[in-house]
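Read through the structure below, which is laid out as structure tokens, and then see the notes.
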Amino acid sequence: MTGFAKDFPILEQKVYGKQLVYLDNAATTQKPNSVIDTISDFYRTDYSNIHRGVHYLSERSSERYEEARKKISDFIGARNPGEVTFTAGTTDSINQVARSLEPSLKGNEVLVTGVEHHSNIVPWQMAGAKPRAIEMDEDCNLLLDSIDITKKTKLIAISHVSNVLGSVNDIKKITEIAKDHDVPVLVDAAQSIQHLPLDVKDIGCDFLAASGHKMYASTGVGVLYTSDRFSDLMPAKGGGGMVDKVSLEKTTYQEPPLRYEAGTPHIAGAISMGAAIDYMQKIGLDKIEKHESDVYSYARDRLLEMDNVTVYGNTDRMCGSISFNMDQIHHYDAGLIMDKMGVAVRTGHHCAQPLMKSFAIEGTVRASFALYNTKEDVDRLIEGIEKVEMMYT
Amino acid sequence: MTDAIQDEIIREFDGLEWLDKYGLLIASAKKLEPMDEDSRTDENSISGCQSKVWIQSYKRDGKLNFNLDSDAMITKGIMALLLRVVNNRYPQEIANINLYFIEEIGLKSNLSPARSNGLESIIKRIKEIAKNEALKDNV
Ligand SMILES: Cc1ncc(COP(=O)(O)O)c(C=O)c1O
């Protein structure tokens, strides 16, 4: 194990007799020792329910939970931790916004892009809104100059980075345009928070959603940033912990963030997100970005060199995922063979069927990178592709 | 219950490394007659698969036969094996068949319902067709 991979015990193993190369990081990332230890230590020493008990452990748990909130708040540049709510993940975060905004969304439209994950399409449809895609060119650059905001546009909901192509959308420019029309903006940061420095103040978005499990933390936890501007939204969920006074006649809610966190949250998960941020910050976000960008460019160059490979998308800035297909070879076959070569990739539509439709394909092979991947991993990917090709001729 | 054809398949795969198994599946797929374009309809397709799979069936001399095809070669190779086992049998026989060769040659992981090639749904469909035909035989 070299570089950062040595911090991730799962990566030490061999699969089918070959050293594992894990390139399915857009689906979920592996966990470093420090995160795993934080979770198990927390259950060993400080665990209890939060915000309720008068006792020692409850105090400790509440403190650590709120510390984690503060870390995330600083990490994404929120004005204060009150703007950060713990959720079950990106999907849950987006659904909560859809639920809260439902009265204004119903019968109107949400501006999205053609690369969105189903999680940023279906919740809007369920809230009675029609998603409409901002146009893009054939390389998948958004055509922001021709963006068409109408009276019916009640929200712009955009992924920062595509989970399929790795294309980075210019979300700052989008929020600037949105401001002129007074339309709120939600950023789906599921594929950016682990790769790029984020600053919600600088971006100027009103909502930002992300998942813990894609940024080296636990599954089942995520965050929703809600700008102070929306501090009195109707909570999407009701229950314990989020209320001020309850009577059968009338209930009043807490201030954010507790207002948006009904029921017992994923306490250990939240704390694991704090630990994941500590881990990334200890390495340094700039260093991570630089390393990942080297590996990503190398992968892209190697793939583009191959005659029998089509790479999808080509935008000014890219990170994380690369999608491709091999001529005359089904993505599923390619994935199965690479798996037996020890290379874990993902195949299929990647929960982005509208994008697949625009390429007129059923699916792709996707390699997606994390901070522990190296150029040697890319070489193994290329070897895998060569092996697939050999098996077909 | 053992079955000569399934045993033969198991012998063919015996001791092979994974990549050689896939090689054999791809070779079997190449030998399988593709279904004509017109038959590759949504109606004939089986959902729940990451690769597309199409199925057709016909009866000859009271025995049931299937055509299977897929756009992925490894899936198609598995289909070719399935056809060797199930084709040209009486419907009741197919309805009751125990396809033990799948586990024996190591493709069991492809069987789980969550698995993207949905071998499970293909087998279910084959058995459904066989059951319906068997019912027709009995009236
Ligand atoms: C861009 C994007 N949005 C949303 C999601 C959904 O994330 P989760 O499944 O963690 O809720 C994903 C996950 O793949 C994603 O890549």
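As shown in the structure tokens, the chain order sets the letters A, B, ...; within each chain, residues go from 1, and ligands are also counted from 1 in the order they appear.
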
Review point. So which residues are near ligand 1, meaning at most 9 Å away with only C-alpha atoms and all ligand atoms counted, given back as number ranges by chain?
Key: A: 26-28, 88-94, 115-120, 158-164, 188-192, 209-214, 219-222, 350-351

Deliver the residues from the most recent selection as a file, using N, CA, C and O atoms, as a short mmCIF file (atom, residue, chain, number, x, y, z; two decimals), in the first residue's frame.
data_model
loop_
_atom_site.label_atom_id
_atom_site.label_comp_id
_atom_site.auth_asym_id
_atom_site.auth_seq_id
_atom_site.Cartn_x
_atom_site.Cartn_y
_atom_site.Cartn_z
N ALA A 26 -17.66 6.88 -6.56
CA ALA A 26 -18.84 7.75 -6.70
C ALA A 26 -20.04 7.07 -6.06
O ALA A 26 -20.98 7.73 -5.61
N ALA A 27 -20.02 5.74 -6.03
CA ALA A 27 -21.11 5.02 -5.35
C ALA A 27 -20.94 5.18 -3.85
O ALA A 27 -21.87 5.53 -3.14
N THR A 28 -19.74 4.91 -3.37
CA THR A 28 -19.44 5.15 -1.97
C THR A 28 -17.92 5.04 -1.78
O THR A 28 -17.26 4.31 -2.52
N ALA A 88 -30.41 11.91 6.40
CA ALA A 88 -29.98 10.54 6.15
C ALA A 88 -29.06 10.45 4.93
O ALA A 88 -28.55 9.39 4.61
N GLY A 89 -28.88 11.57 4.22
CA GLY A 89 -28.03 11.54 3.03
C GLY A 89 -28.55 12.54 2.00
O GLY A 89 -29.53 13.25 2.25
N THR A 90 -27.90 12.56 0.85
CA THR A 90 -28.29 13.51 -0.19
C THR A 90 -29.75 13.34 -0.60
O THR A 90 -30.50 14.32 -0.71
N THR A 91 -30.13 12.10 -0.82
CA THR A 91 -31.51 11.83 -1.26
C THR A 91 -32.50 12.37 -0.24
O THR A 91 -33.49 13.03 -0.59
N ASP A 92 -32.24 12.09 1.02
CA ASP A 92 -33.11 12.57 2.09
C ASP A 92 -33.11 14.10 2.14
O ASP A 92 -34.17 14.73 2.26
N SER A 93 -31.95 14.70 2.01
CA SER A 93 -31.86 16.16 2.04
C SER A 93 -32.73 16.77 0.94
O SER A 93 -33.50 17.71 1.19
N ILE A 94 -32.61 16.24 -0.26
CA ILE A 94 -33.36 16.81 -1.38
C ILE A 94 -34.87 16.58 -1.18
O ILE A 94 -35.69 17.47 -1.42
N VAL A 115 -27.84 16.09 -16.63
CA VAL A 115 -26.95 15.07 -16.05
C VAL A 115 -27.38 14.64 -14.65
O VAL A 115 -26.67 13.91 -13.99
N GLU A 116 -28.56 15.08 -14.21
CA GLU A 116 -28.90 14.84 -12.81
C GLU A 116 -29.08 13.36 -12.46
O GLU A 116 -29.54 12.55 -13.25
N HIS A 117 -28.75 13.08 -11.21
CA HIS A 117 -29.04 11.81 -10.57
C HIS A 117 -30.56 11.76 -10.32
O HIS A 117 -31.18 12.80 -10.09
N HIS A 118 -31.14 10.58 -10.36
CA HIS A 118 -32.59 10.48 -10.14
C HIS A 118 -33.02 11.15 -8.83
O HIS A 118 -34.16 11.62 -8.72
N SER A 119 -32.11 11.18 -7.86
CA SER A 119 -32.44 11.81 -6.58
C SER A 119 -32.70 13.30 -6.70
O SER A 119 -33.25 13.91 -5.80
N ASN A 120 -32.24 13.88 -7.80
CA ASN A 120 -32.50 15.31 -8.01
C ASN A 120 -33.51 15.52 -9.13
O ASN A 120 -33.55 16.57 -9.76
N ILE A 158 -29.32 21.83 -9.00
CA ILE A 158 -28.24 21.45 -9.91
C ILE A 158 -27.20 20.63 -9.19
O ILE A 158 -26.79 20.96 -8.07
N SER A 159 -26.72 19.61 -9.86
CA SER A 159 -25.59 18.89 -9.27
C SER A 159 -24.32 19.71 -9.51
O SER A 159 -24.15 20.30 -10.58
N HIS A 160 -23.47 19.73 -8.52
CA HIS A 160 -22.21 20.45 -8.66
C HIS A 160 -21.29 19.67 -9.60
O HIS A 160 -20.72 20.23 -10.52
N VAL A 161 -21.21 18.36 -9.33
CA VAL A 161 -20.40 17.48 -10.17
C VAL A 161 -21.25 16.28 -10.57
O VAL A 161 -21.92 15.69 -9.73
N SER A 162 -21.20 15.93 -11.84
CA SER A 162 -21.99 14.79 -12.31
C SER A 162 -21.41 13.47 -11.81
O SER A 162 -20.20 13.25 -11.92
N ASN A 163 -22.27 12.61 -11.32
CA ASN A 163 -21.80 11.31 -10.83
C ASN A 163 -21.46 10.37 -11.98
O ASN A 163 -20.87 9.32 -11.77
N VAL A 164 -21.84 10.74 -13.19
CA VAL A 164 -21.56 9.89 -14.34
C VAL A 164 -20.31 10.36 -15.08
O VAL A 164 -19.40 9.59 -15.35
N ASP A 188 -26.69 20.02 -5.43
CA ASP A 188 -26.47 18.62 -5.06
C ASP A 188 -24.95 18.41 -5.06
O ASP A 188 -24.33 18.30 -6.12
N ALA A 189 -24.39 18.40 -3.86
CA ALA A 189 -22.94 18.33 -3.72
C ALA A 189 -22.46 16.91 -3.42
O ALA A 189 -21.33 16.71 -2.97
N ALA A 190 -23.32 15.92 -3.72
CA ALA A 190 -22.96 14.52 -3.40
C ALA A 190 -21.62 14.13 -4.01
O ALA A 190 -20.86 13.38 -3.42
N GLN A 191 -21.32 14.67 -5.19
CA GLN A 191 -20.06 14.28 -5.86
C GLN A 191 -19.02 15.39 -5.86
O GLN A 191 -18.05 15.33 -6.62
N SER A 192 -19.22 16.41 -5.04
CA SER A 192 -18.19 17.46 -5.02
C SER A 192 -17.57 17.64 -3.65
O SER A 192 -16.40 17.97 -3.53
N ALA A 209 -26.88 19.87 -0.55
CA ALA A 209 -27.10 18.51 -0.03
C ALA A 209 -25.87 17.66 -0.25
O ALA A 209 -25.24 17.75 -1.31
N ALA A 210 -25.53 16.84 0.74
CA ALA A 210 -24.39 15.93 0.58
C ALA A 210 -24.58 14.68 1.45
O ALA A 210 -25.37 14.69 2.39
N SER A 211 -23.82 13.63 1.10
CA SER A 211 -23.90 12.35 1.82
C SER A 211 -22.60 12.08 2.56
O SER A 211 -21.52 12.27 2.00
N GLY A 212 -22.70 11.57 3.78
CA GLY A 212 -21.51 11.19 4.53
C GLY A 212 -20.73 10.06 3.88
O GLY A 212 -19.50 10.10 3.80
N HIS A 213 -21.47 9.06 3.38
CA HIS A 213 -20.77 7.84 2.92
C HIS A 213 -19.93 8.05 1.67
O HIS A 213 -19.10 7.22 1.35
N LYS A 214 -20.15 9.15 0.97
CA LYS A 214 -19.33 9.43 -0.21
C LYS A 214 -18.13 10.29 0.14
O LYS A 214 -17.33 10.63 -0.73
N THR A 219 -22.39 5.38 6.39
CA THR A 219 -23.62 5.39 5.60
C THR A 219 -24.76 5.88 6.48
O THR A 219 -24.67 5.87 7.71
N GLY A 220 -25.84 6.27 5.84
CA GLY A 220 -27.05 6.61 6.59
C GLY A 220 -27.05 8.00 7.18
O GLY A 220 -27.92 8.33 7.99
N VAL A 221 -26.09 8.81 6.81
CA VAL A 221 -26.05 10.17 7.34
C VAL A 221 -25.64 11.13 6.22
O VAL A 221 -24.93 10.75 5.28
N GLY A 222 -26.14 12.34 6.31
CA GLY A 222 -25.78 13.35 5.32
C GLY A 222 -26.10 14.70 5.88
O GLY A 222 -26.44 14.83 7.07
N HIS A 350 -26.26 4.33 -13.76
CA HIS A 350 -25.80 5.18 -12.66
C HIS A 350 -26.89 6.14 -12.16
O HIS A 350 -26.60 7.29 -11.80
N CYS A 351 -28.13 5.65 -12.15
CA CYS A 351 -29.25 6.48 -11.69
C CYS A 351 -29.35 7.79 -12.46
O CYS A 351 -29.71 8.82 -11.89
#

Please identify all polymer residues within 10 Å of Asn98 of chain B, counting only C-alpha atoms, omitting same-chain residues fewer than 3 positions from it, and present them as a short mmCIF file (atom, residue, chain, number, x, y, z; two decimals) with all heavy atoms, in the first residue's frame.
data_model
loop_
_atom_site.label_atom_id
_atom_site.label_comp_id
_atom_site.auth_asym_id
_atom_site.auth_seq_id
_atom_site.Cartn_x
_atom_site.Cartn_y
_atom_site.Cartn_z
N MET B 1 -31.64 -35.74 -7.78
CA MET B 1 -31.90 -35.91 -9.21
C MET B 1 -30.73 -35.36 -10.03
O MET B 1 -30.34 -34.21 -9.86
CB MET B 1 -33.19 -35.15 -9.59
CG MET B 1 -33.70 -35.50 -10.97
SD MET B 1 -34.96 -34.31 -11.52
CE MET B 1 -33.97 -32.91 -12.00
N THR B 2 -30.14 -36.15 -10.83
CA THR B 2 -29.08 -35.63 -11.69
C THR B 2 -29.56 -35.60 -13.12
O THR B 2 -30.60 -36.17 -13.46
CB THR B 2 -27.79 -36.46 -11.61
OG1 THR B 2 -28.10 -37.78 -12.02
CG2 THR B 2 -27.21 -36.46 -10.21
N ASP B 3 -28.79 -34.95 -13.92
CA ASP B 3 -29.24 -34.63 -15.26
C ASP B 3 -27.99 -34.63 -16.13
O ASP B 3 -27.02 -33.92 -15.85
CB ASP B 3 -29.91 -33.25 -15.13
CG ASP B 3 -30.26 -32.62 -16.46
OD1 ASP B 3 -29.58 -32.88 -17.45
OD2 ASP B 3 -31.23 -31.85 -16.45
N GLN B 6 -26.71 -31.21 -17.52
CA GLN B 6 -26.14 -30.32 -16.49
C GLN B 6 -24.80 -30.85 -16.02
O GLN B 6 -23.85 -30.08 -15.83
CB GLN B 6 -27.11 -30.19 -15.31
CG GLN B 6 -28.41 -29.49 -15.67
CD GLN B 6 -29.17 -29.01 -14.44
OE1 GLN B 6 -28.60 -28.31 -13.61
NE2 GLN B 6 -30.43 -29.38 -14.33
N GLU B 93 -41.77 -31.05 -17.07
CA GLU B 93 -40.38 -31.34 -16.69
C GLU B 93 -39.62 -30.02 -16.43
O GLU B 93 -38.90 -29.89 -15.44
CB GLU B 93 -39.74 -32.06 -17.88
CG GLU B 93 -38.81 -33.20 -17.55
CD GLU B 93 -38.20 -33.72 -18.86
OE1 GLU B 93 -38.90 -33.75 -19.90
OE2 GLU B 93 -37.02 -34.08 -18.83
N ILE B 94 -39.82 -29.06 -17.31
CA ILE B 94 -39.13 -27.77 -17.16
C ILE B 94 -39.66 -27.03 -15.93
O ILE B 94 -38.90 -26.42 -15.17
CB ILE B 94 -39.30 -26.89 -18.42
CG1 ILE B 94 -38.77 -27.64 -19.64
CG2 ILE B 94 -38.58 -25.56 -18.25
CD1 ILE B 94 -39.00 -26.91 -20.96
N ALA B 95 -40.97 -27.13 -15.74
CA ALA B 95 -41.57 -26.44 -14.60
C ALA B 95 -40.96 -26.94 -13.29
O ALA B 95 -40.84 -26.18 -12.33
CB ALA B 95 -43.08 -26.65 -14.61
N PHE B 101 -26.77 -26.80 -11.92
CA PHE B 101 -25.47 -26.50 -12.57
C PHE B 101 -25.04 -25.06 -12.32
O PHE B 101 -23.85 -24.77 -12.29
CB PHE B 101 -25.53 -26.82 -14.07
CG PHE B 101 -26.18 -25.75 -14.92
CD1 PHE B 101 -25.40 -24.81 -15.60
CD2 PHE B 101 -27.56 -25.67 -15.03
CE1 PHE B 101 -26.00 -23.83 -16.39
CE2 PHE B 101 -28.16 -24.70 -15.83
CZ PHE B 101 -27.38 -23.77 -16.50
N ILE B 102 -26.00 -24.18 -12.13
CA ILE B 102 -25.66 -22.75 -11.97
C ILE B 102 -24.79 -22.54 -10.73
O ILE B 102 -23.76 -21.86 -10.78
CB ILE B 102 -26.95 -21.91 -11.90
CG1 ILE B 102 -27.65 -21.96 -13.26
CG2 ILE B 102 -26.65 -20.47 -11.51
CD1 ILE B 102 -29.03 -21.38 -13.27
#

Check your understanding: Please, which residues of chain B lie no more than 12 Å from chain A when the count uses only C-alpha atoms, and can they be set out as a PyMOL selection string?
Key -> chain B and resi 17-27+29-30+49-52+70-78+107+109-110+115-117

Exercise for review: Determine, counting only C-alpha atoms, which protein, DNA and RNA residues have an atom within 8 Å of an atom of segment 8-10 of chain B; residues of the same chain fewer than 6 positions away are not included. Present the result as a PyMOL selection string.
Suggested key: chain B and resi 81+101+104-105

Could you write out that same residue set with all heavy atoms as a PDB file, in the first residue's frame?
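To be explicit, this is the file written out as out-v7.pdb:
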ATOM      1  N   LEU B  81     -26.155 -21.778 -22.094  1.00  0.00           N
ATOM      2  CA  LEU B  81     -26.127 -22.951 -21.211  1.00  0.00           C
ATOM      3  C   LEU B  81     -27.531 -23.341 -20.784  1.00  0.00           C
ATOM      4  O   LEU B  81     -27.899 -24.523 -20.794  1.00  0.00           O
ATOM      5  CB  LEU B  81     -25.285 -22.662 -19.960  1.00  0.00           C
ATOM      6  CG  LEU B  81     -23.809 -22.288 -20.151  1.00  0.00           C
ATOM      7  CD1 LEU B  81     -23.137 -22.121 -18.786  1.00  0.00           C
ATOM      8  CD2 LEU B  81     -23.086 -23.333 -20.974  1.00  0.00           C
ATOM      9  N   PHE B 101     -26.765 -26.801 -11.920  1.00  0.00           N
ATOM     10  CA  PHE B 101     -25.474 -26.503 -12.566  1.00  0.00           C
ATOM     11  C   PHE B 101     -25.038 -25.060 -12.322  1.00  0.00           C
ATOM     12  O   PHE B 101     -23.846 -24.769 -12.288  1.00  0.00           O
ATOM     13  CB  PHE B 101     -25.526 -26.816 -14.071  1.00  0.00           C
ATOM     14  CG  PHE B 101     -26.185 -25.747 -14.915  1.00  0.00           C
ATOM     15  CD1 PHE B 101     -25.400 -24.814 -15.600  1.00  0.00           C
ATOM     16  CD2 PHE B 101     -27.557 -25.673 -15.034  1.00  0.00           C
ATOM     17  CE1 PHE B 101     -25.997 -23.833 -16.391  1.00  0.00           C
ATOM     18  CE2 PHE B 101     -28.159 -24.699 -15.826  1.00  0.00           C
ATOM     19  CZ  PHE B 101     -27.378 -23.769 -16.495  1.00  0.00           C
ATOM     20  N   GLU B 104     -23.138 -24.927  -9.211  1.00  0.00           N
ATOM     21  CA  GLU B 104     -21.931 -25.748  -9.358  1.00  0.00           C
ATOM     22  C   GLU B 104     -20.843 -25.057 -10.169  1.00  0.00           C
ATOM     23  O   GLU B 104     -19.666 -25.200  -9.879  1.00  0.00           O
ATOM     24  CB  GLU B 104     -22.280 -27.087 -10.018  1.00  0.00           C
ATOM     25  CG  GLU B 104     -23.068 -28.025  -9.125  1.00  0.00           C
ATOM     26  CD  GLU B 104     -22.186 -28.708  -8.086  1.00  0.00           C
ATOM     27  OE1 GLU B 104     -21.013 -28.968  -8.399  1.00  0.00           O
ATOM     28  OE2 GLU B 104     -22.679 -28.971  -6.966  1.00  0.00           O
ATOM     29  N   ILE B 105     -21.223 -24.304 -11.197  1.00  0.00           N
ATOM     30  CA  ILE B 105     -20.175 -23.671 -12.008  1.00  0.00           C
ATOM     31  C   ILE B 105     -19.824 -22.284 -11.483  1.00  0.00           C
ATOM     32  O   ILE B 105     -19.046 -21.560 -12.093  1.00  0.00           O
ATOM     33  CB  ILE B 105     -20.517 -23.633 -13.518  1.00  0.00           C
ATOM     34  CG1 ILE B 105     -21.710 -22.730 -13.815  1.00  0.00           C
ATOM     35  CG2 ILE B 105     -20.771 -25.032 -14.040  1.00  0.00           C
ATOM     36  CD1 ILE B 105     -22.004 -22.640 -15.304  1.00  0.00           C
TER      37      ILE B 105
END

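Atom CA of Val97 of chain A to atom CA of Gly114 of chain A spans 20.4 Å [interatomic distance, one decimal].
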
Point to revise | segment 285-301 of chain A environment, 8 Å, only C-alpha atoms, sequence neighbours closer than 4 positions dropped, as a list of chain:residue names | key: A:His195, A:Leu196, A:Pro197, A:Met280, A:Gln281, A:Glu305, A:Cys319, A:Gly320, A:Ile322, A:Phe369, A:Ala370, A:Leu371, A:Asn373, A:Thr374, A:Lys375, A:Val378

Residues just named, written with N, CA and C atoms as a short mmCIF file (atom, residue, chain, number, x, y, z; two decimals), in the first residue's frame:
data_model
loop_
_atom_site.label_atom_id
_atom_site.label_comp_id
_atom_site.auth_asym_id
_atom_site.auth_seq_id
_atom_site.Cartn_x
_atom_site.Cartn_y
_atom_site.Cartn_z
N HIS A 195 -14.29 16.16 -3.17
CA HIS A 195 -13.24 16.44 -4.15
C HIS A 195 -12.80 17.90 -4.19
N LEU A 196 -13.76 18.81 -3.99
CA LEU A 196 -13.46 20.23 -4.20
C LEU A 196 -13.75 21.04 -2.94
N PRO A 197 -12.95 22.07 -2.67
CA PRO A 197 -13.30 22.94 -1.55
C PRO A 197 -14.64 23.62 -1.84
N MET A 280 -9.59 14.60 6.17
CA MET A 280 -9.28 15.31 4.92
C MET A 280 -8.48 16.57 5.19
N GLN A 281 -8.84 17.27 6.28
CA GLN A 281 -8.13 18.52 6.56
C GLN A 281 -6.70 18.27 7.00
N GLU A 305 -6.61 7.84 -25.27
CA GLU A 305 -5.62 7.27 -26.20
C GLU A 305 -6.11 5.97 -26.83
N CYS A 319 -13.88 16.17 -12.44
CA CYS A 319 -13.26 15.44 -11.33
C CYS A 319 -14.14 14.25 -10.95
N GLY A 320 -13.53 13.31 -10.25
CA GLY A 320 -14.30 12.20 -9.68
C GLY A 320 -14.54 11.06 -10.63
N ILE A 322 -15.35 9.08 -14.38
CA ILE A 322 -15.18 9.05 -15.84
C ILE A 322 -16.04 7.91 -16.36
N PHE A 369 -12.93 8.03 -8.76
CA PHE A 369 -11.70 8.09 -7.97
C PHE A 369 -11.90 8.75 -6.61
N ALA A 370 -11.03 8.37 -5.70
CA ALA A 370 -10.99 9.01 -4.38
C ALA A 370 -9.54 9.35 -4.07
N LEU A 371 -9.31 9.93 -2.91
CA LEU A 371 -7.97 10.44 -2.63
C LEU A 371 -6.93 9.33 -2.53
N ASN A 373 -6.68 6.72 -4.57
CA ASN A 373 -6.33 6.12 -5.85
C ASN A 373 -5.05 6.74 -6.42
N THR A 374 -4.36 5.94 -7.21
CA THR A 374 -3.08 6.38 -7.75
C THR A 374 -3.02 6.13 -9.24
N LYS A 375 -1.95 6.61 -9.86
CA LYS A 375 -1.77 6.34 -11.29
C LYS A 375 -1.60 4.85 -11.55
N VAL A 378 -4.84 3.44 -12.13
CA VAL A 378 -5.28 3.73 -13.50
C VAL A 378 -4.66 2.72 -14.46
#

**Study point:** Secondary structure check, strand (DSSP E or B) residues of segment 208-384 of chain A, as JSON, numbers by chain
**Key:** {"A": [208, 209, 210, 211, 222, 223, 224, 225, 226, 243, 244, 245, 246, 251, 252, 253, 309, 310, 311, 318, 321, 322, 323, 324, 325, 326, 329, 343, 344, 346, 347, 348, 364, 365, 366, 367, 368]}

Selection above as a file: C-alpha atoms, as a PDB file, in the first residue's frame:
ATOM      1  CA  LEU A 208     -26.771  22.260  -0.427  1.00  0.00           C
ATOM      2  CA  ALA A 209     -27.103  18.513  -0.029  1.00  0.00           C
ATOM      3  CA  ALA A 210     -24.386  15.926   0.581  1.00  0.00           C
ATOM      4  CA  SER A 211     -23.901  12.353   1.821  1.00  0.00           C
ATOM      5  CA  GLY A 222     -25.776  13.348   5.318  1.00  0.00           C
ATOM      6  CA  VAL A 223     -26.263  17.056   5.534  1.00  0.00           C
ATOM      7  CA  LEU A 224     -28.559  19.718   4.285  1.00  0.00           C
ATOM      8  CA  TYR A 225     -27.352  23.287   4.324  1.00  0.00           C
ATOM      9  CA  THR A 226     -30.272  25.698   4.457  1.00  0.00           C
ATOM     10  CA  VAL A 243     -40.651  21.195  18.707  1.00  0.00           C
ATOM     11  CA  ASP A 244     -40.854  24.071  21.126  1.00  0.00           C
ATOM     12  CA  LYS A 245     -44.321  23.630  22.628  1.00  0.00           C
ATOM     13  CA  VAL A 246     -46.738  20.861  21.802  1.00  0.00           C
ATOM     14  CA  THR A 251     -47.454  23.061  18.127  1.00  0.00           C
ATOM     15  CA  THR A 252     -44.585  25.482  17.720  1.00  0.00           C
ATOM     16  CA  TYR A 253     -41.201  24.520  16.363  1.00  0.00           C
ATOM     17  CA  VAL A 309     -12.942   3.444 -26.084  1.00  0.00           C
ATOM     18  CA  THR A 310     -15.488   6.263 -26.126  1.00  0.00           C
ATOM     19  CA  VAL A 311     -15.302   8.661 -23.181  1.00  0.00           C
ATOM     20  CA  MET A 318     -13.825  17.636 -14.374  1.00  0.00           C
ATOM     21  CA  SER A 321     -16.006  10.068 -12.290  1.00  0.00           C
ATOM     22  CA  ILE A 322     -15.178   9.046 -15.836  1.00  0.00           C
ATOM     23  CA  SER A 323     -17.699   7.170 -17.951  1.00  0.00           C
ATOM     24  CA  PHE A 324     -16.817   5.229 -21.054  1.00  0.00           C
ATOM     25  CA  ASN A 325     -17.820   2.392 -23.308  1.00  0.00           C
ATOM     26  CA  MET A 326     -15.780  -0.036 -25.367  1.00  0.00           C
ATOM     27  CA  ILE A 329     -18.655  -4.579 -25.952  1.00  0.00           C
ATOM     28  CA  VAL A 343     -10.674  -3.788 -10.541  1.00  0.00           C
ATOM     29  CA  ALA A 344     -13.971  -2.616  -9.049  1.00  0.00           C
ATOM     30  CA  ARG A 346     -19.568   0.341 -11.771  1.00  0.00           C
ATOM     31  CA  THR A 347     -21.643  -0.380 -14.857  1.00  0.00           C
ATOM     32  CA  GLY A 348     -25.142   0.596 -15.865  1.00  0.00           C
ATOM     33  CA  THR A 364     -21.554   2.989 -19.328  1.00  0.00           C
ATOM     34  CA  VAL A 365     -18.579   1.672 -17.452  1.00  0.00           C
ATOM     35  CA  ARG A 366     -17.712   4.193 -14.771  1.00  0.00           C
ATOM     36  CA  ALA A 367     -14.401   4.512 -13.000  1.00  0.00           C
ATOM     37  CA  SER A 368     -14.571   6.946 -10.099  1.00  0.00           C
TER      38      SER A 368
END

Exercise for review: Please report, as a PyMOL selection string, each residue of segment 80-255 of chain A to which DSSP assigns alpha helix (DSSP H) when run on this structure's backbone.
Suggested key: chain A and resi 90-105+122-126+171-181+200-203

**Study point:** Nearest-residue call for Pro9 of chain A, choices A:Arg99, A:Lys130, A:Lys31, A:Arg259, using only C-alpha atoms
**Key:**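 For Pro9 of chain A, the nearest of the candidates is A:Lys31.
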
Practice item. Extract, using only C-alpha atoms, all DNA, RNA and protein residues at most 9 Å from Asp69 of chain B, discarding same-chain residues fewer than 5 positions from it, and format them as JSON, numbers by chain. Key: {"B": [29, 32, 33, 34, 35, 40, 52, 53, 54, 55, 75, 76, 79, 80]}

**Study point:** Distance of atom CA of Asn25 of chain A from atom CA of Ile271 of chain A, expressed in Å to one decimal place
**Key:**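 Separation of atom CA of Ile271 of chain A and atom CA of Asn25 of chain A: 21.1 Å.
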
Practice item. For Tyr43 of chain A, work out the shell of residues within 8 Å, counting only C-alpha atoms and skipping chain neighbours fewer than 4 positions away, then give it as an MDAnalysis selection string. Key: chainID A and resid 39 47 268

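For the pair atom CA of Tyr372 of chain A and atom CA of Gly3 of chain A, the interatomic distance is 6.9 Å.
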